[in-house]
Amino acid sequence: MADVDDNSFNSLKPGQNRQWNYQPQLPLKLAPFFDTPTKPKAIVAWLQNTWLRASPPVNHLCFSLIAFLFFWPSSMNMKVVSWDWTLHILGINFAAILLLAGLLHLYLYAYSKQDMRLKFDVKPMEIHKKFTFGYQTWDNIFWSLVSGVPIWSAWMILYFYVAANGWLPIVESFSASPIWFIVFFIIIRFWQSFHFYWIHRFIHHTWLFKNVHYLHHRNINVGPWSGISMHPVEHVLYYSSILIHFVLPSHPIHVIFHMFALNLGAVISHAGFDKLIINDKEIWKAGSFFHQLHHRFFQCNFGSEEMPLDRWFGSFHDGTDEATQRIREKMKKSRLSKVKK
Ligand SMILES: [Zn+2]
Ligand SMILES: [Zn+2]
């Protein structure tokens, strides 16, 4: 836990940068796994920051352990589809999202417990007719709960039904293959980043953007409930990340962790605040400025920091003014080419 001194909130002075209330240290860094030459020390430091600190993946792991150990239905019952266990999974997922997104929203927005400290965007949640019910928060809650949780649960129900019937490779227990059990968590994070990048680029194509992805992008300034506020078609595509477990041997904990990472991870990364401050201490890494830049500028940062796909394909925005200039030029060119067509 780091003590917070007043200067470290780094709220930008009026006129210094009118775009943001707060920016983290720039330029943004991506995970060093694919850097050449290989940087073993940087990789170890990144893994430590990911798995040995109060970080989002550790949060997802805690949620998945609690869900699996105390609430998960028995796989014996899952051989046949029934209301009993399917509603049970739906209930766990509803509870997880309501708990995390609900608490974060109440703390950061409804009660403004840390005011504007470490908040990226200067604006509050929007009241605008472009949103369902005319208000960003209600809109985001609606699409998360009415479309997000049921589609997320449906994918899980499909997986657990198929797994319970022995139709795909599974890991029986930690002791059965301890190395794979641990390494697979790291692979899941790479896969999630890889899958999200390509799905995301796909739905940025004109027709899909206008008819599907626009719903998520109505949120320029994001909050916890914006994370999985998506069109149902986007939900189906987004959660198809689970398909890796149909191919690679998985334990239920892997699958639950993966799906919580997709959902609770999105809640946290859209929090809109860099860190959570309680009693003047920064206790938890929260929002992702990397993804916040995507909501502001659209044509950048399609993936996540875990894999450098945006750098490889020229869409990385590292938060600096130079990168903003470059992305604006790119957006201008793409608008002009559309007009010419
Ligand atoms: Zn987003
Ligand atoms: Zn997008």
# chains A, B, ... in the order shown; residues from 1 in each chain; ligands from 1
>>> residues_around(residues="stretch 123-129 of chain A", least_positions_apart="6", cutoff="8 Å", atoms="only C-alpha atoms", output="VMD selection string")
chain A and resid 135 to 137 221 to 223
>>> write_last_selection(atoms="N, CA and C atoms", output="PDB file, in the first residue's frame")
ATOM      1  N   TYR A 135     -29.742   8.169 -19.531  1.00  0.00           N
ATOM      2  CA  TYR A 135     -28.727   8.382 -18.497  1.00  0.00           C
ATOM      3  C   TYR A 135     -27.703   7.258 -18.583  1.00  0.00           C
ATOM      4  N   GLN A 136     -26.428   7.650 -18.642  1.00  0.00           N
ATOM      5  CA  GLN A 136     -25.357   6.688 -18.879  1.00  0.00           C
ATOM      6  C   GLN A 136     -25.356   5.533 -17.874  1.00  0.00           C
ATOM      7  N   THR A 137     -25.524   5.842 -16.596  1.00  0.00           N
ATOM      8  CA  THR A 137     -25.438   4.784 -15.577  1.00  0.00           C
ATOM      9  C   THR A 137     -26.547   3.751 -15.755  1.00  0.00           C
ATOM     10  N   ASN A 221     -16.547   8.846 -21.651  1.00  0.00           N
ATOM     11  CA  ASN A 221     -16.048   8.801 -20.282  1.00  0.00           C
ATOM     12  C   ASN A 221     -16.667   7.556 -19.655  1.00  0.00           C
ATOM     13  N   VAL A 222     -15.838   6.651 -19.173  1.00  0.00           N
ATOM     14  CA  VAL A 222     -16.382   5.359 -18.736  1.00  0.00           C
ATOM     15  C   VAL A 222     -16.436   5.234 -17.208  1.00  0.00           C
ATOM     16  N   GLY A 223     -17.294   4.318 -16.758  1.00  0.00           N
ATOM     17  CA  GLY A 223     -17.394   3.986 -15.335  1.00  0.00           C
ATOM     18  C   GLY A 223     -17.478   2.474 -15.195  1.00  0.00           C
TER      19      GLY A 223
END
>>> residues_near_ligand(ligand="ligand 2", cutoff="12 Å", atoms="only C-alpha atoms and all ligand atoms", output="PyMOL selection string")
chain A and resi 196-206+208-210+212-220+227+230+234+238+291-304
>>> residues_around(residues="A:Phe142", least_positions_apart="3", cutoff="10 Å", atoms="only C-alpha atoms", output="PyMOL selection string")
chain A and resi 132-133+136-139+145-148+225+229-230
>>> write_last_selection(atoms="N, CA, C and O atoms", output="PDB file, in the first residue's frame")
ATOM      1  N   THR A 132     -29.788   4.614 -23.410  1.00  0.00           N
ATOM      2  CA  THR A 132     -31.056   4.006 -23.009  1.00  0.00           C
ATOM      3  C   THR A 132     -31.465   4.644 -21.679  1.00  0.00           C
ATOM      4  O   THR A 132     -30.619   4.790 -20.791  1.00  0.00           O
ATOM      5  N   PHE A 133     -32.700   5.018 -21.543  1.00  0.00           N
ATOM      6  CA  PHE A 133     -33.246   5.730 -20.369  1.00  0.00           C
ATOM      7  C   PHE A 133     -32.656   7.144 -20.207  1.00  0.00           C
ATOM      8  O   PHE A 133     -32.850   7.784 -19.179  1.00  0.00           O
ATOM      9  N   GLN A 136     -26.428   7.650 -18.642  1.00  0.00           N
ATOM     10  CA  GLN A 136     -25.357   6.688 -18.879  1.00  0.00           C
ATOM     11  C   GLN A 136     -25.356   5.533 -17.874  1.00  0.00           C
ATOM     12  O   GLN A 136     -25.206   4.370 -18.245  1.00  0.00           O
ATOM     13  N   THR A 137     -25.524   5.842 -16.596  1.00  0.00           N
ATOM     14  CA  THR A 137     -25.438   4.784 -15.577  1.00  0.00           C
ATOM     15  C   THR A 137     -26.547   3.751 -15.755  1.00  0.00           C
ATOM     16  O   THR A 137     -26.294   2.542 -15.754  1.00  0.00           O
ATOM     17  N   TRP A 138     -27.806   4.220 -15.937  1.00  0.00           N
ATOM     18  CA  TRP A 138     -28.912   3.266 -16.109  1.00  0.00           C
ATOM     19  C   TRP A 138     -28.725   2.451 -17.379  1.00  0.00           C
ATOM     20  O   TRP A 138     -28.998   1.250 -17.432  1.00  0.00           O
ATOM     21  N   ASP A 139     -28.285   3.140 -18.433  1.00  0.00           N
ATOM     22  CA  ASP A 139     -28.008   2.474 -19.719  1.00  0.00           C
ATOM     23  C   ASP A 139     -26.997   1.350 -19.516  1.00  0.00           C
ATOM     24  O   ASP A 139     -27.212   0.203 -19.919  1.00  0.00           O
ATOM     25  N   LEU A 145     -26.682  -6.156 -17.289  1.00  0.00           N
ATOM     26  CA  LEU A 145     -27.469  -7.183 -16.590  1.00  0.00           C
ATOM     27  C   LEU A 145     -28.434  -7.928 -17.506  1.00  0.00           C
ATOM     28  O   LEU A 145     -28.644  -9.130 -17.347  1.00  0.00           O
ATOM     29  N   VAL A 146     -29.008  -7.211 -18.466  1.00  0.00           N
ATOM     30  CA  VAL A 146     -30.039  -7.848 -19.303  1.00  0.00           C
ATOM     31  C   VAL A 146     -29.419  -8.658 -20.443  1.00  0.00           C
ATOM     32  O   VAL A 146     -29.933  -9.710 -20.821  1.00  0.00           O
ATOM     33  N   SER A 147     -28.308  -8.184 -20.977  1.00  0.00           N
ATOM     34  CA  SER A 147     -27.659  -8.932 -22.064  1.00  0.00           C
ATOM     35  C   SER A 147     -26.360  -9.602 -21.589  1.00  0.00           C
ATOM     36  O   SER A 147     -26.136 -10.787 -21.836  1.00  0.00           O
ATOM     37  N   GLY A 148     -25.511  -8.847 -20.904  1.00  0.00           N
ATOM     38  CA  GLY A 148     -24.171  -9.339 -20.541  1.00  0.00           C
ATOM     39  C   GLY A 148     -24.197 -10.596 -19.690  1.00  0.00           C
ATOM     40  O   GLY A 148     -23.652 -11.644 -20.094  1.00  0.00           O
ATOM     41  N   TRP A 225     -19.750   0.336 -14.616  1.00  0.00           N
ATOM     42  CA  TRP A 225     -20.835  -0.357 -15.314  1.00  0.00           C
ATOM     43  C   TRP A 225     -20.692  -0.305 -16.836  1.00  0.00           C
ATOM     44  O   TRP A 225     -21.421  -0.980 -17.550  1.00  0.00           O
ATOM     45  N   SER A 229     -21.111  -3.203 -20.769  1.00  0.00           N
ATOM     46  CA  SER A 229     -22.290  -2.621 -21.409  1.00  0.00           C
ATOM     47  C   SER A 229     -22.075  -2.698 -22.917  1.00  0.00           C
ATOM     48  O   SER A 229     -21.402  -1.850 -23.505  1.00  0.00           O
ATOM     49  N   MET A 230     -22.592  -3.748 -23.505  1.00  0.00           N
ATOM     50  CA  MET A 230     -22.351  -4.013 -24.931  1.00  0.00           C
ATOM     51  C   MET A 230     -23.648  -4.501 -25.582  1.00  0.00           C
ATOM     52  O   MET A 230     -24.575  -4.941 -24.906  1.00  0.00           O
TER      53      MET A 230
END
>>> closest_atom_pairs(of="stretch 88-122 of chain A", to="stretch 53-77 of chain A", cutoff="8 Å", atoms="only C-alpha atoms", output="CSV")
residue,atom,partner,partner_atom,distance
A:His88,CA,A:Pro73,CA,7.1
A:Ile89,CA,A:Trp72,CA,7.3
A:Ile92,CA,A:Ala67,CA,7.2
A:Ala96,CA,A:Phe63,CA,7.7
>>> atom_distance(atom1="atom CA of A:Asp121", atom2="atom CA of A:Gly314")
24.9 Å
>>> residues_around(residues="A:Arg311", least_positions_apart="4", cutoff="9 Å", atoms="only C-alpha atoms", output="VMD selection string")
chain A and resid 30 301 307 315 to 317
>>> atom_distance(atom1="atom CA of A:Val81", atom2="atom CA of A:Ser240")
20.2 Å
>>> closest_residue(among="A:Leu243, A:Ile228, A:Ile179, A:Ala323", to="ligand 1", atoms="only C-alpha atoms and all ligand atoms")
A:Ile228
>>> atom_distance(atom1="atom CA of A:Ala163", atom2="atom CA of A:His251")
9.7 Å
>>> select_by_dssp(residues="stretch 172-280 of chain A", states="strand (DSSP E)", output="ChimeraX atom specification")
/A:275-278
>>> select_by_dssp(residues="stretch 51-299 of chain A", states="helix (DSSP H, G or I)", output="mmCIF file with C-alpha atoms, in the first residue's frame")
data_model
loop_
_atom_site.group_PDB
_atom_site.id
_atom_site.type_symbol
_atom_site.label_atom_id
_atom_site.label_comp_id
_atom_site.auth_asym_id
_atom_site.auth_seq_id
_atom_site.Cartn_x
_atom_site.Cartn_y
_atom_site.Cartn_z
ATOM 1 C CA TRP A 51 0.310 -11.919 -9.371
ATOM 2 C CA PRO A 56 -7.072 -7.079 -10.969
ATOM 3 C CA PRO A 57 -5.946 -10.668 -11.817
ATOM 4 C CA VAL A 58 -5.497 -11.420 -8.104
ATOM 5 C CA ASN A 59 -9.008 -10.056 -7.547
ATOM 6 C CA HIS A 60 -10.387 -12.374 -10.268
ATOM 7 C CA LEU A 61 -8.516 -15.314 -8.772
ATOM 8 C CA CYS A 62 -9.989 -14.626 -5.306
ATOM 9 C CA PHE A 63 -13.496 -14.315 -6.764
ATOM 10 C CA SER A 64 -13.072 -17.566 -8.704
ATOM 11 C CA LEU A 65 -11.713 -19.502 -5.718
ATOM 12 C CA ILE A 66 -14.595 -18.317 -3.534
ATOM 13 C CA ALA A 67 -17.145 -19.094 -6.256
ATOM 14 C CA PHE A 68 -15.706 -22.542 -6.923
ATOM 15 C CA LEU A 69 -15.041 -23.643 -3.348
ATOM 16 C CA PHE A 70 -18.219 -22.350 -1.717
ATOM 17 C CA PHE A 71 -20.921 -21.869 -4.321
ATOM 18 C CA SER A 75 -20.264 -31.413 -11.918
ATOM 19 C CA MET A 76 -22.250 -34.631 -11.357
ATOM 20 C CA ASN A 77 -25.471 -32.639 -11.819
ATOM 21 C CA MET A 78 -24.220 -30.949 -14.976
ATOM 22 C CA LYS A 79 -24.429 -34.021 -17.207
ATOM 23 C CA TRP A 83 -32.835 -25.281 -14.224
ATOM 24 C CA ASP A 84 -31.216 -26.266 -10.957
ATOM 25 C CA TRP A 85 -27.536 -25.796 -11.816
ATOM 26 C CA THR A 86 -27.928 -23.408 -14.762
ATOM 27 C CA LEU A 87 -29.808 -20.861 -12.642
ATOM 28 C CA HIS A 88 -27.231 -21.442 -9.942
ATOM 29 C CA ILE A 89 -24.415 -20.336 -12.294
ATOM 30 C CA LEU A 90 -26.521 -17.399 -13.507
ATOM 31 C CA GLY A 91 -27.049 -16.381 -9.868
ATOM 32 C CA ILE A 92 -23.316 -16.521 -9.045
ATOM 33 C CA ASN A 93 -22.487 -14.368 -12.066
ATOM 34 C CA PHE A 94 -25.202 -11.821 -11.214
ATOM 35 C CA ALA A 95 -23.939 -11.679 -7.644
ATOM 36 C CA ALA A 96 -20.291 -11.188 -8.701
ATOM 37 C CA ILE A 97 -21.011 -8.334 -11.102
ATOM 38 C CA LEU A 98 -23.515 -6.621 -8.776
ATOM 39 C CA LEU A 99 -21.050 -6.820 -5.925
ATOM 40 C CA LEU A 100 -18.004 -5.477 -7.749
ATOM 41 C CA ALA A 101 -19.516 -2.996 -10.216
ATOM 42 C CA GLY A 102 -22.111 -1.928 -7.635
ATOM 43 C CA LEU A 103 -19.573 -1.232 -4.899
ATOM 44 C CA LEU A 104 -17.123 0.505 -7.225
ATOM 45 C CA HIS A 105 -19.854 2.695 -8.697
ATOM 46 C CA LEU A 106 -21.213 3.634 -5.275
ATOM 47 C CA TYR A 107 -17.737 4.408 -3.927
ATOM 48 C CA LEU A 108 -16.335 6.298 -6.914
ATOM 49 C CA TYR A 109 -19.411 7.942 -8.424
ATOM 50 C CA ALA A 110 -22.569 7.884 -6.303
ATOM 51 C CA THR A 132 -31.056 4.006 -23.009
ATOM 52 C CA PHE A 133 -33.246 5.730 -20.369
ATOM 53 C CA GLY A 134 -31.360 8.962 -21.188
ATOM 54 C CA GLN A 136 -25.357 6.688 -18.879
ATOM 55 C CA THR A 137 -25.438 4.784 -15.577
ATOM 56 C CA TRP A 138 -28.912 3.266 -16.109
ATOM 57 C CA ASP A 139 -28.008 2.474 -19.719
ATOM 58 C CA ASN A 140 -24.805 0.688 -18.661
ATOM 59 C CA ILE A 141 -26.484 -1.279 -15.867
ATOM 60 C CA PHE A 142 -29.299 -2.308 -18.207
ATOM 61 C CA TRP A 143 -27.061 -3.713 -20.978
ATOM 62 C CA SER A 144 -24.718 -5.370 -18.471
ATOM 63 C CA LEU A 145 -27.469 -7.183 -16.590
ATOM 64 C CA VAL A 146 -30.039 -7.848 -19.303
ATOM 65 C CA SER A 147 -27.659 -8.932 -22.064
ATOM 66 C CA GLY A 148 -24.171 -9.339 -20.541
ATOM 67 C CA VAL A 149 -24.755 -11.666 -17.585
ATOM 68 C CA PRO A 150 -27.187 -14.050 -19.380
ATOM 69 C CA ILE A 151 -24.891 -14.448 -22.437
ATOM 70 C CA TRP A 152 -21.791 -14.832 -20.250
ATOM 71 C CA SER A 153 -23.687 -17.482 -18.215
ATOM 72 C CA ALA A 154 -24.931 -19.258 -21.346
ATOM 73 C CA TRP A 155 -21.355 -19.730 -22.574
ATOM 74 C CA MET A 156 -20.367 -21.118 -19.153
ATOM 75 C CA ILE A 157 -23.367 -23.437 -19.041
ATOM 76 C CA LEU A 158 -22.452 -24.760 -22.486
ATOM 77 C CA TYR A 159 -18.854 -25.353 -21.368
ATOM 78 C CA PHE A 160 -19.730 -27.079 -18.088
ATOM 79 C CA TYR A 161 -22.364 -29.268 -19.731
ATOM 80 C CA VAL A 162 -19.868 -30.458 -22.362
ATOM 81 C CA ALA A 163 -17.081 -30.874 -19.750
ATOM 82 C CA ALA A 164 -19.312 -32.833 -17.341
ATOM 83 C CA PRO A 178 0.695 -28.709 -11.133
ATOM 84 C CA ILE A 179 2.937 -26.985 -13.710
ATOM 85 C CA TRP A 180 0.231 -26.817 -16.369
ATOM 86 C CA PHE A 181 -2.266 -25.735 -13.726
ATOM 87 C CA ILE A 182 -0.162 -22.631 -12.951
ATOM 88 C CA VAL A 183 1.223 -21.880 -16.432
ATOM 89 C CA PHE A 184 -2.263 -21.997 -17.919
ATOM 90 C CA PHE A 185 -3.265 -18.892 -15.941
ATOM 91 C CA ILE A 186 -0.521 -16.958 -17.736
ATOM 92 C CA ILE A 187 -1.559 -18.439 -21.085
ATOM 93 C CA ILE A 188 -5.181 -17.456 -20.404
ATOM 94 C CA ARG A 189 -4.083 -13.829 -19.998
ATOM 95 C CA PHE A 190 -2.220 -13.903 -23.335
ATOM 96 C CA TRP A 191 -5.140 -15.608 -25.043
ATOM 97 C CA GLN A 192 -7.650 -13.152 -23.611
ATOM 98 C CA SER A 193 -5.571 -10.243 -24.918
ATOM 99 C CA PHE A 194 -5.051 -11.871 -28.337
ATOM 100 C CA HIS A 195 -8.708 -12.840 -28.739
ATOM 101 C CA PHE A 196 -9.980 -9.432 -27.596
ATOM 102 C CA TYR A 197 -7.677 -7.589 -30.013
ATOM 103 C CA TRP A 198 -8.956 -9.463 -33.088
ATOM 104 C CA ILE A 199 -12.626 -9.520 -32.075
ATOM 105 C CA HIS A 200 -12.381 -5.834 -31.278
ATOM 106 C CA ARG A 201 -10.765 -4.951 -34.625
ATOM 107 C CA PHE A 202 -13.459 -6.992 -36.356
ATOM 108 C CA THR A 206 -18.004 0.087 -40.506
ATOM 109 C CA TRP A 207 -21.241 -1.945 -40.522
ATOM 110 C CA LEU A 208 -20.535 -3.777 -37.281
ATOM 111 C CA PHE A 209 -19.465 -0.574 -35.605
ATOM 112 C CA LYS A 210 -22.638 1.253 -36.651
ATOM 113 C CA ASN A 211 -24.946 -1.594 -35.674
ATOM 114 C CA VAL A 212 -23.200 -3.335 -32.790
ATOM 115 C CA HIS A 213 -20.102 -1.782 -31.243
ATOM 116 C CA TYR A 214 -21.566 1.768 -31.212
ATOM 117 C CA LEU A 215 -23.434 0.775 -28.039
ATOM 118 C CA HIS A 216 -20.249 0.296 -26.025
ATOM 119 C CA HIS A 217 -18.660 3.384 -27.595
ATOM 120 C CA PRO A 224 -17.472 0.490 -13.762
ATOM 121 C CA TRP A 225 -20.835 -0.357 -15.314
ATOM 122 C CA SER A 226 -19.543 0.552 -18.800
ATOM 123 C CA PRO A 232 -25.798 -8.733 -27.450
ATOM 124 C CA VAL A 233 -23.876 -9.602 -30.632
ATOM 125 C CA GLU A 234 -20.727 -8.132 -29.096
ATOM 126 C CA HIS A 235 -21.366 -10.131 -25.921
ATOM 127 C CA VAL A 236 -21.542 -13.383 -27.919
ATOM 128 C CA LEU A 237 -18.251 -12.566 -29.656
ATOM 129 C CA TYR A 238 -16.512 -11.213 -26.570
ATOM 130 C CA TYR A 239 -17.259 -14.275 -24.439
ATOM 131 C CA SER A 240 -16.284 -16.679 -27.223
ATOM 132 C CA SER A 241 -12.840 -16.342 -25.646
ATOM 133 C CA ILE A 242 -14.001 -19.322 -23.516
ATOM 134 C CA LEU A 243 -13.527 -21.578 -26.576
ATOM 135 C CA ILE A 244 -9.870 -22.100 -25.631
ATOM 136 C CA HIS A 245 -11.117 -24.386 -22.831
ATOM 137 C CA PHE A 246 -12.798 -26.622 -25.392
ATOM 138 C CA PRO A 252 -13.095 -25.386 -13.519
ATOM 139 C CA ILE A 253 -11.005 -22.774 -11.669
ATOM 140 C CA HIS A 254 -9.319 -21.819 -14.980
ATOM 141 C CA VAL A 255 -12.650 -21.369 -16.693
ATOM 142 C CA ILE A 256 -14.224 -19.403 -13.860
ATOM 143 C CA PHE A 257 -11.096 -17.235 -13.570
ATOM 144 C CA HIS A 258 -11.115 -16.580 -17.323
ATOM 145 C CA MET A 259 -14.772 -15.537 -17.352
ATOM 146 C CA PHE A 260 -14.361 -13.372 -14.271
ATOM 147 C CA ALA A 261 -11.318 -11.789 -15.932
ATOM 148 C CA LEU A 262 -13.507 -10.932 -18.946
ATOM 149 C CA ASN A 263 -16.247 -9.463 -16.773
ATOM 150 C CA LEU A 264 -14.800 -8.237 -13.497
ATOM 151 C CA GLY A 265 -11.687 -7.249 -15.447
ATOM 152 C CA ALA A 266 -13.804 -5.041 -17.708
ATOM 153 C CA VAL A 267 -15.555 -3.522 -14.685
ATOM 154 C CA ILE A 268 -12.192 -2.603 -13.137
ATOM 155 C CA SER A 269 -10.517 -1.450 -16.351
ATOM 156 C CA PHE A 289 -5.714 4.513 -19.093
ATOM 157 C CA PHE A 290 -4.695 2.364 -22.077
ATOM 158 C CA HIS A 291 -8.344 1.444 -22.699
ATOM 159 C CA GLN A 292 -9.631 4.881 -21.673
ATOM 160 C CA LEU A 293 -7.629 6.226 -24.639
ATOM 161 C CA HIS A 294 -9.510 3.823 -26.912
ATOM 162 C CA HIS A 295 -12.842 5.247 -25.710
ATOM 163 C CA ARG A 296 -11.578 8.769 -26.381
ATOM 164 C CA PHE A 297 -9.861 8.257 -29.743
#
>>> closest_residue(among="A:Ser250, A:Met331, A:Gly272, A:Ile278", to="ligand 1", atoms="only C-alpha atoms and all ligand atoms")
A:Gly272
>>> closest_residue(among="A:Ala271, A:Ala45, A:Arg326, A:Pro249", to="A:Ala176", atoms="only C-alpha atoms")
A:Pro249
>>> closest_residue(among="A:Ser288, A:Thr324, A:Asn165, A:Gln114", to="ligand 1", atoms="only C-alpha atoms and all ligand atoms")
A:Ser288
>>> closest_residue(among="A:His270, A:Pro32, A:Glu305, A:Thr320", to="ligand 1", atoms="only C-alpha atoms and all ligand atoms")
A:His270
>>> decode(residues="stretch 303-331 of chain A", atoms="N, CA and C atoms", output="JSON list (two decimals), in the first residue's frame")
[["chain", "number", "residue", "atom", "x", "y", "z"],
["A", 303, "GLY", "N", -6.34, -3.75, -28.19],
["A", 303, "GLY", "CA", -6.09, -4.91, -27.34],
["A", 303, "GLY", "C", -5.93, -4.53, -25.89],
["A", 304, "SER", "N", -4.91, -5.11, -25.25],
["A", 304, "SER", "CA", -4.62, -4.77, -23.86],
["A", 304, "SER", "C", -3.10, -4.70, -23.69],
["A", 305, "GLU", "N", -2.67, -4.31, -22.51],
["A", 305, "GLU", "CA", -1.23, -4.13, -22.28],
["A", 305, "GLU", "C", -0.48, -5.46, -22.25],
["A", 306, "GLU", "N", -1.22, -6.57, -22.13],
["A", 306, "GLU", "CA", -0.56, -7.86, -21.92],
["A", 306, "GLU", "C", 0.19, -8.34, -23.16],
["A", 307, "MET", "N", -0.30, -7.96, -24.35],
["A", 307, "MET", "CA", 0.39, -8.34, -25.60],
["A", 307, "MET", "C", 0.57, -7.09, -26.45],
["A", 308, "PRO", "N", 1.73, -6.97, -27.14],
["A", 308, "PRO", "CA", 1.99, -5.71, -27.88],
["A", 308, "PRO", "C", 1.37, -5.69, -29.28],
["A", 309, "LEU", "N", 0.18, -6.25, -29.45],
["A", 309, "LEU", "CA", -0.41, -6.31, -30.79],
["A", 309, "LEU", "C", -0.65, -4.92, -31.36],
["A", 310, "ASP", "N", -1.05, -3.98, -30.50],
["A", 310, "ASP", "CA", -1.27, -2.62, -31.00],
["A", 310, "ASP", "C", 0.03, -1.99, -31.49],
["A", 311, "ARG", "N", 1.12, -2.31, -30.81],
["A", 311, "ARG", "CA", 2.41, -1.77, -31.28],
["A", 311, "ARG", "C", 2.78, -2.41, -32.61],
["A", 312, "TRP", "N", 2.59, -3.73, -32.71],
["A", 312, "TRP", "CA", 2.96, -4.42, -33.94],
["A", 312, "TRP", "C", 2.14, -3.94, -35.13],
["A", 313, "PHE", "N", 0.88, -3.59, -34.89],
["A", 313, "PHE", "CA", 0.01, -3.22, -36.02],
["A", 313, "PHE", "C", -0.24, -1.71, -36.10],
["A", 314, "GLY", "N", 0.58, -0.93, -35.40],
["A", 314, "GLY", "CA", 0.58, 0.52, -35.57],
["A", 314, "GLY", "C", -0.57, 1.27, -34.93],
["A", 315, "SER", "N", -1.25, 0.67, -33.96],
["A", 315, "SER", "CA", -2.39, 1.38, -33.34],
["A", 315, "SER", "C", -2.14, 1.68, -31.86],
["A", 316, "PHE", "N", -0.89, 1.60, -31.43],
["A", 316, "PHE", "CA", -0.60, 1.83, -30.01],
["A", 316, "PHE", "C", -0.59, 3.33, -29.71],
["A", 317, "HIS", "N", -1.39, 3.72, -28.73],
["A", 317, "HIS", "CA", -1.38, 5.10, -28.21],
["A", 317, "HIS", "C", -0.79, 5.01, -26.81],
["A", 318, "ASP", "N", 0.38, 5.63, -26.64],
["A", 318, "ASP", "CA", 1.06, 5.52, -25.34],
["A", 318, "ASP", "C", 0.69, 6.66, -24.38],
["A", 319, "GLY", "N", -0.33, 7.44, -24.76],
["A", 319, "GLY", "CA", -0.81, 8.50, -23.87],
["A", 319, "GLY", "C", -0.15, 9.85, -24.09],
["A", 320, "THR", "N", 0.93, 9.89, -24.88],
["A", 320, "THR", "CA", 1.64, 11.16, -25.08],
["A", 320, "THR", "C", 0.92, 12.03, -26.12],
["A", 321, "ASP", "N", 1.23, 13.34, -26.09],
["A", 321, "ASP", "CA", 0.63, 14.27, -27.06],
["A", 321, "ASP", "C", 1.00, 13.90, -28.50],
["A", 322, "GLU", "N", 2.23, 13.39, -28.68],
["A", 322, "GLU", "CA", 2.67, 13.01, -30.04],
["A", 322, "GLU", "C", 1.79, 11.88, -30.57],
["A", 323, "ALA", "N", 1.49, 10.92, -29.70],
["A", 323, "ALA", "CA", 0.64, 9.80, -30.13],
["A", 323, "ALA", "C", -0.77, 10.30, -30.44],
["A", 324, "THR", "N", -1.27, 11.25, -29.65],
["A", 324, "THR", "CA", -2.60, 11.82, -29.92],
["A", 324, "THR", "C", -2.62, 12.46, -31.30],
["A", 325, "GLN", "N", -1.56, 13.21, -31.61],
["A", 325, "GLN", "CA", -1.44, 13.88, -32.91],
["A", 325, "GLN", "C", -1.47, 12.85, -34.05],
["A", 326, "ARG", "N", -0.71, 11.77, -33.85],
["A", 326, "ARG", "CA", -0.61, 10.72, -34.88],
["A", 326, "ARG", "C", -1.98, 10.06, -35.10],
["A", 327, "ILE", "N", -2.68, 9.77, -34.00],
["A", 327, "ILE", "CA", -3.98, 9.10, -34.13],
["A", 327, "ILE", "C", -5.00, 10.06, -34.78],
["A", 328, "ARG", "N", -4.91, 11.34, -34.44],
["A", 328, "ARG", "CA", -5.85, 12.31, -35.05],
["A", 328, "ARG", "C", -5.64, 12.39, -36.56],
["A", 329, "GLU", "N", -4.38, 12.37, -36.99],
["A", 329, "GLU", "CA", -4.07, 12.40, -38.44],
["A", 329, "GLU", "C", -4.70, 11.17, -39.10],
["A", 330, "LYS", "N", -4.53, 10.02, -38.42],
["A", 330, "LYS", "CA", -5.04, 8.76, -38.96],
["A", 330, "LYS", "C", -6.57, 8.82, -39.10],
["A", 331, "MET", "N", -7.23, 9.38, -38.06],
["A", 331, "MET", "CA", -8.69, 9.47, -38.09],
["A", 331, "MET", "C", -9.14, 10.40, -39.21]]
